[in-house]
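Raw data.txt, compact mmCIF, C-alpha atoms:
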# COMPACT_ATOMS: atom_id res chain seq x y z
CA MET A 953 85.83 -30.93 115.01
CA LYS A 954 86.69 -29.86 111.49
CA ILE A 955 88.78 -26.74 110.90
CA LYS A 956 89.71 -25.12 107.60
CA ILE A 957 93.08 -23.41 107.43
CA LYS A 958 93.63 -20.82 104.70
CA CYS A 959 97.23 -20.53 103.52
CA PHE A 960 98.79 -17.38 102.08
CA SER A 961 102.23 -16.21 101.06
CA GLN A 962 104.94 -18.07 102.97
CA VAL A 963 102.44 -20.44 104.58
CA LYS A 964 101.15 -21.38 101.13
CA TYR A 965 104.74 -21.70 99.93
CA ALA A 966 105.65 -23.95 102.85
CA PHE A 967 102.77 -26.36 102.26
CA GLY A 968 102.29 -25.92 98.52
CA LYS A 969 98.55 -25.58 99.17
CA ASP A 970 95.89 -22.88 99.41
CA GLU A 971 94.03 -24.63 102.17
CA LEU A 972 94.46 -27.37 104.75
CA LYS A 973 91.62 -29.28 106.36
CA MET A 974 92.24 -30.65 109.83
CA GLU A 975 90.30 -32.75 112.28
CA LEU A 976 91.05 -31.45 115.77
CA GLU A 977 90.05 -32.38 119.29
CA ALA A 978 87.32 -30.20 120.77
CA GLY A 979 88.82 -27.38 122.80
CA THR A 980 91.97 -26.98 120.71
CA SER A 981 93.18 -23.39 120.97
CA THR A 982 94.57 -21.13 118.28
CA SER A 983 98.04 -21.28 119.80
CA GLU A 984 97.97 -25.08 119.98
CA LEU A 985 96.98 -25.14 116.32
CA GLU A 986 99.78 -22.71 115.47
CA LYS A 987 102.29 -25.09 117.11
CA MET A 988 100.92 -27.98 115.03
CA ILE A 989 101.14 -25.93 111.85
CA ARG A 990 104.70 -24.85 112.57
CA ALA A 991 105.70 -28.46 113.30
CA LYS A 992 104.01 -29.67 110.12
CA ALA A 993 105.99 -27.05 108.12
CA LYS A 994 109.23 -28.74 109.25
CA GLY A 995 111.17 -25.55 109.92
CA LYS A 996 109.98 -23.63 106.88
CA LEU A 997 107.99 -21.19 109.06
CA ASP A 998 110.52 -20.90 111.90
CA ASP A 999 111.64 -17.34 111.18
CA ILE A 1000 108.24 -16.06 110.18
CA SER A 1001 105.95 -14.24 112.56
CA LEU A 1002 102.31 -15.24 112.18
CA ARG A 1003 99.17 -13.42 113.32
CA VAL A 1004 96.05 -15.47 113.73
CA ALA A 1005 92.71 -14.64 112.14
CA VAL A 1006 89.59 -16.69 112.84
CA ASN A 1007 86.64 -16.32 110.50
CA GLN A 1008 88.40 -13.44 108.76
CA LYS A 1009 89.08 -11.36 111.88
CA TYR A 1010 92.40 -10.78 113.58
CA LEU A 1011 92.39 -12.06 117.16
CA PRO A 1012 94.28 -10.18 119.83
CA ASN A 1013 94.27 -13.21 122.16
CA GLU A 1014 94.23 -16.97 122.05
CA ILE A 1015 90.77 -18.55 121.81
CA GLU A 1016 89.33 -22.06 121.69
CA LEU A 1017 88.35 -23.03 118.19
CA LYS A 1018 84.88 -24.26 117.25
CA ASP A 1019 83.76 -26.77 114.65
CA GLY A 1020 83.70 -25.19 111.17
CA ASP A 1021 86.02 -22.29 111.99
CA GLU A 1022 88.13 -20.82 109.21
CA VAL A 1023 91.61 -20.08 110.52
CA ALA A 1024 94.49 -18.24 108.85
CA PHE A 1025 98.01 -17.82 110.15
CA ILE A 1026 98.92 -14.55 108.56
CA PRO A 1027 102.56 -13.83 107.69
CA PRO A 1028 103.65 -10.17 107.52
CA VAL A 1029 101.40 -8.45 105.01
CA GLN A 1030 102.83 -6.62 102.00
CA GLY A 1031 100.10 -4.64 100.32
CA GLY A 1032 100.61 -1.36 98.54
CA MET B 102 117.95 58.12 87.06
CA LYS B 103 114.80 56.40 85.83
CA ILE B 104 113.35 53.48 87.80
CA LYS B 105 110.41 51.28 86.90
CA ILE B 106 108.32 49.96 89.78
CA LYS B 107 106.15 46.91 89.15
CA CYS B 108 102.99 46.75 91.27
CA PHE B 109 101.24 43.56 92.33
CA SER B 110 98.41 42.55 94.64
CA GLN B 111 97.96 45.10 97.44
CA VAL B 112 100.52 47.48 95.93
CA LYS B 113 98.60 47.47 92.66
CA TYR B 114 95.37 47.89 94.63
CA ALA B 115 96.80 50.84 96.57
CA PHE B 116 97.93 52.72 93.45
CA GLY B 117 95.42 51.40 90.93
CA LYS B 118 98.29 50.82 88.53
CA ASP B 119 100.44 47.95 87.24
CA GLU B 120 103.53 50.04 87.06
CA LEU B 121 104.98 53.34 88.31
CA LYS B 122 107.80 55.24 86.66
CA MET B 123 109.94 57.39 88.91
CA GLU B 124 112.82 59.76 88.41
CA LEU B 125 115.19 59.38 91.39
CA GLU B 126 118.43 60.95 92.51
CA ALA B 127 121.52 58.86 91.80
CA GLY B 128 122.43 56.77 94.83
CA THR B 129 118.87 56.26 96.09
CA SER B 130 118.67 52.98 97.99
CA THR B 131 115.95 50.35 97.95
CA SER B 132 114.92 51.23 101.50
CA GLU B 133 114.70 54.93 100.67
CA LEU B 134 112.51 54.06 97.71
CA GLU B 135 110.34 51.83 99.92
CA LYS B 136 109.76 54.78 102.26
CA MET B 137 108.73 56.96 99.32
CA ILE B 138 106.37 54.31 98.04
CA ARG B 139 104.77 53.80 101.46
CA ALA B 140 104.33 57.58 101.84
CA LYS B 141 102.84 57.81 98.34
CA ALA B 142 100.31 55.07 99.27
CA LYS B 143 98.95 57.34 102.05
CA GLY B 144 98.56 54.63 104.66
CA LYS B 145 97.20 51.93 102.38
CA LEU B 146 100.37 49.84 102.71
CA ASP B 147 100.99 50.47 106.40
CA ASP B 148 100.11 47.00 107.64
CA ILE B 149 101.63 45.15 104.74
CA SER B 150 105.10 43.67 104.83
CA LEU B 151 107.00 44.15 101.59
CA ARG B 152 110.04 42.30 100.28
CA VAL B 153 112.10 44.02 97.66
CA ALA B 154 113.11 42.50 94.33
CA VAL B 155 115.38 44.29 91.88
CA ASN B 156 115.51 43.09 88.31
CA GLN B 157 113.36 40.10 89.27
CA LYS B 158 115.55 38.86 92.12
CA TYR B 159 114.83 39.06 95.84
CA LEU B 160 117.45 41.10 97.67
CA PRO B 161 118.52 40.08 101.15
CA ASN B 162 119.98 43.55 101.85
CA GLU B 163 119.52 47.15 100.89
CA ILE B 164 121.35 48.23 97.73
CA GLU B 165 121.80 51.44 95.76
CA LEU B 166 119.62 51.48 92.69
CA LYS B 167 120.96 52.06 89.20
CA ASP B 168 119.41 53.79 86.20
CA GLY B 169 116.94 51.49 84.43
CA ASP B 170 116.41 49.12 87.36
CA GLU B 171 113.09 47.31 87.63
CA VAL B 172 111.97 47.26 91.26
CA ALA B 173 109.08 45.43 92.90
CA PHE B 174 107.88 45.72 96.49
CA ILE B 175 106.44 42.29 96.96
CA PRO B 176 103.55 41.80 99.40
CA PRO B 177 103.10 38.34 100.98
CA VAL B 178 102.79 35.84 98.12
CA GLN B 179 99.77 33.56 97.83
CA GLY B 180 100.41 30.95 95.18
CA GLY B 181 99.08 27.43 95.25
CA MET C 700 113.98 16.05 85.78
CA ILE C 701 111.98 19.20 86.26
CA LYS C 702 109.02 20.49 84.25
CA ILE C 703 107.54 23.85 85.19
CA GLU C 704 104.69 25.64 83.51
CA ILE C 705 102.77 28.79 84.44
CA SER C 706 99.85 29.39 82.13
CA GLU C 707 96.29 30.60 81.73
CA GLY C 708 93.32 28.32 81.20
CA PRO C 709 92.44 24.90 82.60
CA ILE C 710 95.38 22.67 83.56
CA PRO C 711 95.80 19.52 81.49
CA PHE C 712 97.20 17.02 83.99
CA PHE C 713 100.46 15.23 83.28
CA LEU C 714 99.81 11.95 81.51
CA ASN C 715 99.90 8.53 83.10
CA ASP C 716 103.30 6.84 82.75
CA ASP C 717 103.61 3.07 83.27
CA SER C 718 107.09 2.88 81.81
CA ARG C 719 109.22 3.64 84.85
CA GLN C 720 111.46 0.93 86.26
CA GLN C 721 112.59 2.28 89.61
CA ASP C 722 109.93 4.76 90.76
CA GLY C 723 107.66 2.97 93.20
CA ALA C 724 105.85 6.11 94.27
CA GLU C 725 103.97 8.72 92.27
CA LEU C 726 102.46 11.47 94.39
CA ILE C 727 100.12 14.05 92.89
CA PHE C 728 98.75 17.17 94.50
CA ASN C 729 95.96 19.25 93.01
CA GLY C 730 95.28 22.53 94.76
CA ARG C 731 91.74 23.63 93.99
CA VAL C 732 89.79 26.83 94.51
CA ARG C 733 87.39 26.74 97.45
CA ALA C 734 84.12 28.67 97.52
CA THR C 735 85.23 30.53 100.65
CA GLU C 736 88.19 32.87 100.98
CA HIS C 737 88.86 34.27 104.47
CA GLY C 738 85.19 33.90 105.32
CA ASP C 739 83.85 35.54 102.16
CA SER C 740 81.87 33.61 99.57
CA ILE C 741 83.64 33.80 96.25
CA THR C 742 82.84 32.65 92.74
CA ALA C 743 86.44 32.44 91.56
CA LEU C 744 89.99 33.45 92.32
CA GLU C 745 92.10 35.39 89.92
CA TYR C 746 95.79 34.55 90.12
CA GLU C 747 98.30 37.25 89.29
CA GLN C 748 101.97 36.54 88.69
CA TYR C 749 105.13 38.58 88.43
CA GLU C 750 105.80 37.48 84.88
CA GLY C 751 109.31 36.13 84.47
CA MET C 752 110.23 36.17 88.12
CA ALA C 753 107.44 33.73 89.10
CA GLU C 754 108.68 31.14 86.62
CA ALA C 755 112.34 31.68 87.57
CA GLU C 756 111.55 31.28 91.27
CA LEU C 757 109.44 28.18 90.64
CA ILE C 758 112.22 26.56 88.59
CA GLN C 759 114.77 27.37 91.30
CA LEU C 760 112.46 25.98 93.98
CA ALA C 761 111.95 22.75 92.00
CA LYS C 762 115.73 22.38 91.69
CA ASP C 763 116.17 23.03 95.41
CA THR C 764 113.55 20.36 96.17
CA CYS C 765 115.29 17.78 93.97
CA GLN C 766 118.57 18.53 95.77
CA LYS C 767 117.10 18.40 99.25
CA PHE C 768 115.12 15.17 98.81
CA PRO C 769 116.03 11.93 96.98
CA ILE C 770 113.30 12.27 94.38
CA HIS C 771 113.64 11.67 90.65
CA ASP C 772 111.24 14.08 89.03
CA LEU C 773 109.16 17.08 89.95
CA PHE C 774 106.54 18.37 87.53
CA CYS C 775 104.49 21.46 88.34
CA LYS C 776 101.86 23.51 86.58
CA HIS C 777 100.47 26.69 88.10
CA ARG C 778 97.45 28.32 86.55
CA ILE C 779 97.08 32.09 86.47
CA GLY C 780 94.13 34.29 85.53
CA LYS C 781 90.60 33.46 86.63
CA VAL C 782 90.07 30.02 88.18
CA ASP C 783 86.53 29.04 89.06
CA VAL C 784 85.60 27.34 92.32
CA GLY C 785 86.44 23.62 92.16
CA GLU C 786 89.06 23.96 89.46
CA THR C 787 92.75 23.21 89.87
CA SER C 788 95.16 26.10 90.26
CA LEU C 789 98.23 24.03 91.18
CA HIS C 790 99.15 20.56 89.88
CA VAL C 791 102.30 18.89 91.21
CA VAL C 792 103.61 15.40 90.46
CA ILE C 793 106.58 13.91 92.28
CA TRP C 794 108.17 10.58 91.34
CA SER C 795 110.41 8.79 93.80
CA LYS C 796 111.69 5.35 94.65
CA HIS C 797 109.83 5.18 97.95
CA ARG C 798 106.77 6.88 99.31
CA GLN C 799 108.09 8.82 102.26
CA GLU C 800 110.61 10.97 100.41
CA GLY C 801 107.91 11.91 97.91
CA ILE C 802 105.55 12.98 100.69
CA ASP C 803 108.26 15.01 102.42
CA ALA C 804 109.30 16.66 99.16
CA MET C 805 105.71 17.52 98.24
CA SER C 806 105.05 19.06 101.61
CA TRP C 807 108.22 21.18 101.56
CA PHE C 808 107.81 22.24 97.93
CA ILE C 809 104.33 23.62 98.51
CA ILE C 810 105.24 25.36 101.79
CA GLU C 811 108.15 27.08 100.04
CA LEU C 812 106.07 27.92 96.97
CA LYS C 813 103.68 29.79 99.25
CA LYS C 814 106.62 31.71 100.74
CA ARG C 815 108.63 32.74 97.75
CA VAL C 816 107.01 32.38 94.34
CA PRO C 817 105.56 35.80 93.36
CA ILE C 818 101.97 34.78 92.62
CA TRP C 819 98.96 36.38 94.29
CA LYS C 820 95.24 35.81 94.52
CA TRP C 821 92.42 38.24 93.94
CA ALA C 822 89.06 37.15 95.31
CA ILE C 823 86.09 37.57 92.98
CA LEU C 824 83.12 38.09 95.25
CA GLU C 825 79.50 37.19 94.54
CA ASP C 826 78.69 40.84 93.73
CA GLY C 827 81.39 40.79 91.06
CA SER C 828 83.91 42.93 92.93
CA ARG C 829 87.55 42.01 92.85
CA ILE C 830 89.83 42.47 95.85
CA PRO C 831 93.33 41.29 96.72
CA SER C 832 93.14 38.29 99.00
CA GLU C 833 94.24 39.46 102.42
CA CYS C 834 96.67 36.92 103.69
CA SER C 835 98.58 33.92 102.47
CA HIS C 836 96.50 30.80 102.85
CA ASP C 837 97.61 27.66 104.62
CA MET D 800 82.68 9.14 101.75
CA ILE D 801 84.66 5.98 101.20
CA LYS D 802 85.13 3.96 98.03
CA ILE D 803 87.16 0.76 98.21
CA GLU D 804 87.87 -1.65 95.40
CA ILE D 805 90.13 -4.68 95.20
CA SER D 806 90.26 -6.10 91.71
CA GLU D 807 92.34 -7.75 89.00
CA GLY D 808 93.56 -5.99 85.89
CA PRO D 809 94.81 -2.46 85.30
CA ILE D 810 93.47 0.22 87.62
CA PRO D 811 91.26 2.86 86.00
CA PHE D 812 92.02 6.00 88.02
CA PHE D 813 89.22 7.91 89.69
CA LEU D 814 87.93 10.64 87.38
CA ASN D 815 88.72 14.32 87.64
CA ASP D 816 86.14 16.23 89.67
CA ASP D 817 85.93 20.04 89.37
CA SER D 818 82.57 20.26 91.13
CA ARG D 819 83.66 20.45 94.77
CA GLN D 820 83.03 23.64 96.71
CA GLN D 821 85.03 23.19 99.90
CA ASP D 822 87.85 20.76 99.11
CA GLY D 823 90.96 22.80 98.42
CA ALA D 824 93.28 19.80 98.38
CA GLU D 825 93.22 16.63 96.32
CA LEU D 826 96.10 14.28 97.05
CA ILE D 827 96.69 11.19 94.93
CA PHE D 828 99.14 8.38 95.55
CA ASN D 829 99.97 5.74 92.97
CA GLY D 830 102.07 2.86 94.25
CA ARG D 831 103.87 1.27 91.31
CA VAL D 832 105.85 -1.92 90.85
CA ARG D 833 109.62 -1.44 90.75
CA ALA D 834 111.95 -3.64 88.72
CA THR D 835 113.86 -4.62 91.85
CA GLU D 836 112.48 -6.48 94.86
CA HIS D 837 114.87 -6.97 97.79
CA GLY D 838 117.82 -6.81 95.41
CA ASP D 839 116.42 -9.27 92.85
CA SER D 840 115.46 -8.19 89.34
CA ILE D 841 111.82 -8.94 88.75
CA THR D 842 109.51 -8.71 85.76
CA ALA D 843 106.32 -8.39 87.77
CA LEU D 844 104.76 -8.81 91.17
CA GLU D 845 101.79 -11.01 91.78
CA TYR D 846 99.52 -9.74 94.55
CA GLU D 847 97.60 -12.28 96.58
CA GLN D 848 94.73 -11.35 98.88
CA TYR D 849 92.77 -13.04 101.62
CA GLU D 850 89.50 -12.70 99.75
CA GLY D 851 86.80 -11.10 101.88
CA MET D 852 89.06 -10.21 104.79
CA ALA D 853 91.30 -7.93 102.69
CA GLU D 854 88.33 -5.86 101.58
CA ALA D 855 86.79 -5.77 105.07
CA GLU D 856 90.09 -4.63 106.60
CA LEU D 857 90.59 -2.01 103.90
CA ILE D 858 87.10 -0.58 104.44
CA GLN D 859 87.65 -0.49 108.21
CA LEU D 860 91.01 1.21 107.72
CA ALA D 861 89.47 3.83 105.43
CA LYS D 862 86.80 4.53 108.06
CA ASP D 863 89.44 4.78 110.78
CA THR D 864 91.40 7.25 108.62
CA CYS D 865 88.33 9.45 108.07
CA GLN D 866 87.72 9.48 111.82
CA LYS D 867 91.31 10.21 112.77
CA PHE D 868 91.86 13.04 110.25
CA PRO D 869 89.53 15.86 109.13
CA ILE D 870 89.30 14.65 105.54
CA HIS D 871 86.16 14.43 103.42
CA ASP D 872 86.68 11.47 101.15
CA LEU D 873 89.04 8.56 100.78
CA PHE D 874 88.96 6.48 97.61
CA CYS D 875 91.23 3.45 97.21
CA LYS D 876 91.76 0.80 94.60
CA HIS D 877 94.16 -2.09 95.16
CA ARG D 878 95.05 -4.33 92.28
CA ILE D 879 95.63 -8.04 92.79
CA GLY D 880 97.03 -10.71 90.48
CA LYS D 881 100.02 -10.05 88.23
CA VAL D 882 101.15 -6.43 87.98
CA ASP D 883 103.97 -5.65 85.58
CA VAL D 884 106.87 -3.37 86.43
CA GLY D 885 105.82 0.29 86.16
CA GLU D 886 102.12 -0.37 86.60
CA THR D 887 100.02 0.86 89.52
CA SER D 888 99.12 -1.61 92.25
CA LEU D 889 97.66 0.93 94.68
CA HIS D 890 95.70 4.10 93.84
CA VAL D 891 94.54 6.35 96.67
CA VAL D 892 92.77 9.71 96.45
CA ILE D 893 92.12 11.88 99.49
CA TRP D 894 90.04 15.06 99.40
CA SER D 895 90.31 17.59 102.19
CA LYS D 896 89.79 21.24 102.92
CA HIS D 897 93.47 21.96 103.43
CA ARG D 898 96.64 20.29 102.28
CA GLN D 899 98.28 19.21 105.51
CA GLU D 900 95.48 16.99 106.81
CA GLY D 901 95.38 15.22 103.45
CA ILE D 902 99.12 14.56 103.55
CA ASP D 903 98.95 13.28 107.13
CA ALA D 904 95.97 11.06 106.34
CA MET D 905 97.63 9.63 103.22
CA SER D 906 100.80 8.84 105.09
CA TRP D 907 98.99 7.10 107.95
CA PHE D 908 96.57 5.22 105.70
CA ILE D 909 99.38 3.63 103.68
CA ILE D 910 101.50 2.80 106.74
CA GLU D 911 98.51 1.05 108.31
CA LEU D 912 97.56 -0.68 105.06
CA LYS D 913 101.02 -2.23 105.02
CA LYS D 914 100.52 -3.46 108.60
CA ARG D 915 97.06 -4.90 108.56
CA VAL D 916 95.44 -5.50 105.19
CA PRO D 917 95.98 -9.15 104.25
CA ILE D 918 97.56 -8.75 100.84
CA TRP D 919 100.91 -10.23 99.89
CA LYS D 920 103.39 -10.02 97.06
CA TRP D 921 104.99 -12.80 95.07
CA ALA D 922 108.04 -11.81 93.09
CA ILE D 923 108.19 -13.07 89.51
CA LEU D 924 111.87 -13.37 88.71
CA GLU D 925 113.52 -13.06 85.31
CA ASP D 926 113.83 -16.87 85.02
CA GLY D 927 110.06 -17.13 85.48
CA SER D 928 110.13 -18.50 89.02
CA ARG D 929 107.67 -17.23 91.58
CA ILE D 930 108.57 -16.73 95.22
CA PRO D 931 106.89 -15.04 98.15
CA SER D 932 108.43 -11.63 98.70
CA GLU D 933 110.49 -11.86 101.87
CA CYS D 934 109.65 -8.84 103.89
CA SER D 935 107.20 -6.00 103.94
CA HIS D 936 108.45 -3.09 101.93
CA ASP D 937 108.74 0.45 103.16

Now, as a test, write the supplied structure out as structure tokens.
Amino acid sequence: MKIKIKCFSQVKYAFGKDELKMELEAGTSTSELEKMIRAKAKGKLDDISLRVAVNQKYLPNEIELKDGDEVAFIPPVQGG
Amino acid sequence: MKIKIKCFSQVKYAFGKDELKMELEAGTSTSELEKMIRAKAKGKLDDISLRVAVNQKYLPNEIELKDGDEVAFIPPVQGG
Amino acid sequence: MIKIEISEGPIPFFLNDDSRQQDGAELIFNGRVRATEHGDSITALEYEQYEGMAEAELIQLAKDTCQKFPIHDLFCKHRIGKVDVGETSLHVVIWSKHRQEGIDAMSWFIIELKKRVPIWKWAILEDGSRIPSECSHD
Amino acid sequence: MIKIEISEGPIPFFLNDDSRQQDGAELIFNGRVRATEHGDSITALEYEQYEGMAEAELIQLAKDTCQKFPIHDLFCKHRIGKVDVGETSLHVVIWSKHRQEGIDAMSWFIIELKKRVPIWKWAILEDGSRIPSECSHD
């Protein structure tokens, strides 16, 4: 299945990109994807807490992703 | 000695005047004057707490008035 | 810095200022006249001051506030005379580095103003009569 | 009522409104960019948003604030893109009957905004480089 990952702030800085597109196995969960993303960042996200949003909503718990989902790993926000 | 009494809010309402001029015996204190003023108001100031200011400064304690003093018995303030 | 003004007529608000380097928080309070005063319908309030003492007390209070809280500037205008319903009687601007100290300073400043600055309200009722407002408002 | 706007370019403040009958308190907060960010001198901040989600979260937060506190209206504009030192990035106006509920609502709204609305800051340093700001500010 195809997943779009939106990158902001330190995640964008780590990858140098606004967006990643990934092809994942069916049934991949948000926390499995987070592990992949952290590994891919090669340490650059190690000290950064990330909250997950799927299709523009924060998720309180892990879920299984579906084809076409838009995922964001959200570093601490800094509005205001 | 001559004393000027400035009247505001409920004190003004009680006397219908901005200002009272009184001739007092030397040595009259602020609390003696307050008693006179309350008596003069014939009950209209009975439920109203009054703070005393002499020459435009609040006084924490009773003092003896001097000739020419400007006194105000200040009802609860309501700015803002 | 402190700016204090007590005057009649509508309050011109302090101007926008984009030139500050270290003030991350600008907090503004506008106290406005409500159409109800202690349950009575009113058309306006009339503010009375103890001329001289009101300004002196307000300046002292502004200084006290700047000493008590780490704020940079406190500007305050208080209108006296007749103020129609909806209009601003009190305009306060506080500039500070961070938000919280500005909020705390604003809150304390207004509480103290309502305790010690010799300004009073007269309610102007719908029938045109004019009576001293009965208690300090909250 | 709620008005929420996230946009680029300078923030036009909400207009003065003398027509309200029952709102005795108007509280305004302007969050401005300081010349120092976590000890570094900066010339500007660049605000980045998660487009769509930032606005949805801000609207939900405004609704939550109006439910939690007895306030009448909450208006908020958040600027994104480059904001120079001194300029306003966040403009919030809260109207309420009395002062205290407006102060409490303002305080809570901004604390929550800084926890949950997906907007971030990039610091633009004096040498022109651009780095994500390292922690949430207070």

Out of D:Ala861, D:Met800, D:Ile827, D:Ile841, which residue has the shortest atom-to-atom distance to Phe812 (chain D) when counting only C-alpha atoms?
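Result for the nearest residue to Phe812 (chain D): D:Ile827.
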
Around all the atoms of region 748-765 of chain C listed in the file, with 8 Å of room on each side, what axis-aligned box do you get, giving centre and edge lengths in Å to one decimal, as lines of an AutoDock Vina configuration file?
center_x = 109.1
center_y = 28.2
center_z = 90.3
size_x = 30.2
size_y = 36.8
size_z = 27.7

Please produce chain A as a compact mmCIF listing (two decimals) with C-alpha atoms, in the coordinates of the input once it has been superposed on chain B, the fit using all Cα atoms paired in sequence order.
# COMPACT_ATOMS: atom_id res chain seq x y z
CA MET A 953 117.93 58.13 87.05
CA LYS A 954 114.80 56.40 85.84
CA ILE A 955 113.36 53.48 87.80
CA LYS A 956 110.41 51.27 86.91
CA ILE A 957 108.33 49.95 89.78
CA LYS A 958 106.16 46.89 89.16
CA CYS A 959 103.01 46.75 91.28
CA PHE A 960 101.25 43.55 92.33
CA SER A 961 98.41 42.57 94.62
CA GLN A 962 97.97 45.11 97.42
CA VAL A 963 100.54 47.48 95.93
CA LYS A 964 98.60 47.47 92.66
CA TYR A 965 95.38 47.91 94.62
CA ALA A 966 96.81 50.85 96.55
CA PHE A 967 97.92 52.73 93.44
CA GLY A 968 95.40 51.41 90.93
CA LYS A 969 98.30 50.80 88.53
CA ASP A 970 100.45 47.95 87.25
CA GLU A 971 103.56 50.06 87.08
CA LEU A 972 104.98 53.34 88.33
CA LYS A 973 107.81 55.23 86.68
CA MET A 974 109.93 57.41 88.93
CA GLU A 975 112.82 59.77 88.43
CA LEU A 976 115.16 59.39 91.39
CA GLU A 977 118.40 60.97 92.52
CA ALA A 978 121.49 58.88 91.81
CA GLY A 979 122.40 56.78 94.83
CA THR A 980 118.85 56.27 96.08
CA SER A 981 118.66 52.99 97.98
CA THR A 982 115.96 50.36 97.95
CA SER A 983 114.92 51.23 101.49
CA GLU A 984 114.70 54.94 100.68
CA LEU A 985 112.51 54.07 97.71
CA GLU A 986 110.34 51.84 99.90
CA LYS A 987 109.76 54.79 102.27
CA MET A 988 108.73 56.96 99.31
CA ILE A 989 106.36 54.29 98.04
CA ARG A 990 104.78 53.80 101.45
CA ALA A 991 104.33 57.57 101.83
CA LYS A 992 102.83 57.84 98.35
CA ALA A 993 100.32 55.08 99.27
CA LYS A 994 98.96 57.33 102.05
CA GLY A 995 98.58 54.61 104.66
CA LYS A 996 97.20 51.93 102.37
CA LEU A 997 100.39 49.84 102.70
CA ASP A 998 101.01 50.48 106.41
CA ASP A 999 100.12 47.00 107.65
CA ILE A 1000 101.64 45.15 104.74
CA SER A 1001 105.10 43.67 104.82
CA LEU A 1002 107.01 44.15 101.57
CA ARG A 1003 110.06 42.29 100.26
CA VAL A 1004 112.13 44.02 97.65
CA ALA A 1005 113.10 42.48 94.32
CA VAL A 1006 115.40 44.28 91.88
CA ASN A 1007 115.50 43.06 88.30
CA GLN A 1008 113.36 40.08 89.26
CA LYS A 1009 115.54 38.84 92.13
CA TYR A 1010 114.81 39.04 95.83
CA LEU A 1011 117.43 41.08 97.68
CA PRO A 1012 118.49 40.07 101.16
CA ASN A 1013 119.96 43.53 101.85
CA GLU A 1014 119.51 47.14 100.90
CA ILE A 1015 121.34 48.23 97.74
CA GLU A 1016 121.79 51.44 95.76
CA LEU A 1017 119.62 51.48 92.69
CA LYS A 1018 120.96 52.07 89.19
CA ASP A 1019 119.40 53.79 86.20
CA GLY A 1020 116.94 51.47 84.42
CA ASP A 1021 116.41 49.11 87.36
CA GLU A 1022 113.09 47.29 87.64
CA VAL A 1023 111.98 47.26 91.27
CA ALA A 1024 109.07 45.43 92.89
CA PHE A 1025 107.89 45.71 96.47
CA ILE A 1026 106.44 42.29 96.96
CA PRO A 1027 103.55 41.80 99.40
CA PRO A 1028 103.12 38.34 100.96
CA VAL A 1029 102.79 35.86 98.13
CA GLN A 1030 99.77 33.57 97.84
CA GLY A 1031 100.42 30.97 95.19
CA GLY A 1032 99.07 27.45 95.26

Neighbouring residues of Lys122 (chain B) were defined as those with any atom within 8 Å, considering only C-alpha atoms; residues of the same chain fewer than 3 positions away were excluded. Please report them as a JSON list (two decimals) with C-alpha atoms, in the coordinates of the input.
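Listed below is the output, result_10.json:
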[["chain", "number", "residue", "atom", "x", "y", "z"],
["B", 103, "LYS", "CA", 114.80, 56.40, 85.83],
["B", 104, "ILE", "CA", 113.35, 53.48, 87.80],
["B", 105, "LYS", "CA", 110.41, 51.28, 86.90],
["B", 106, "ILE", "CA", 108.32, 49.96, 89.78]]

For CA of Ser795 (chain C) and CA of Gly751 (chain C), determine how far apart the two atoms are, in Å to one decimal place.
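Separation between CA of Ser795 (chain C) and CA of Gly751 (chain C): 28.9 Å.
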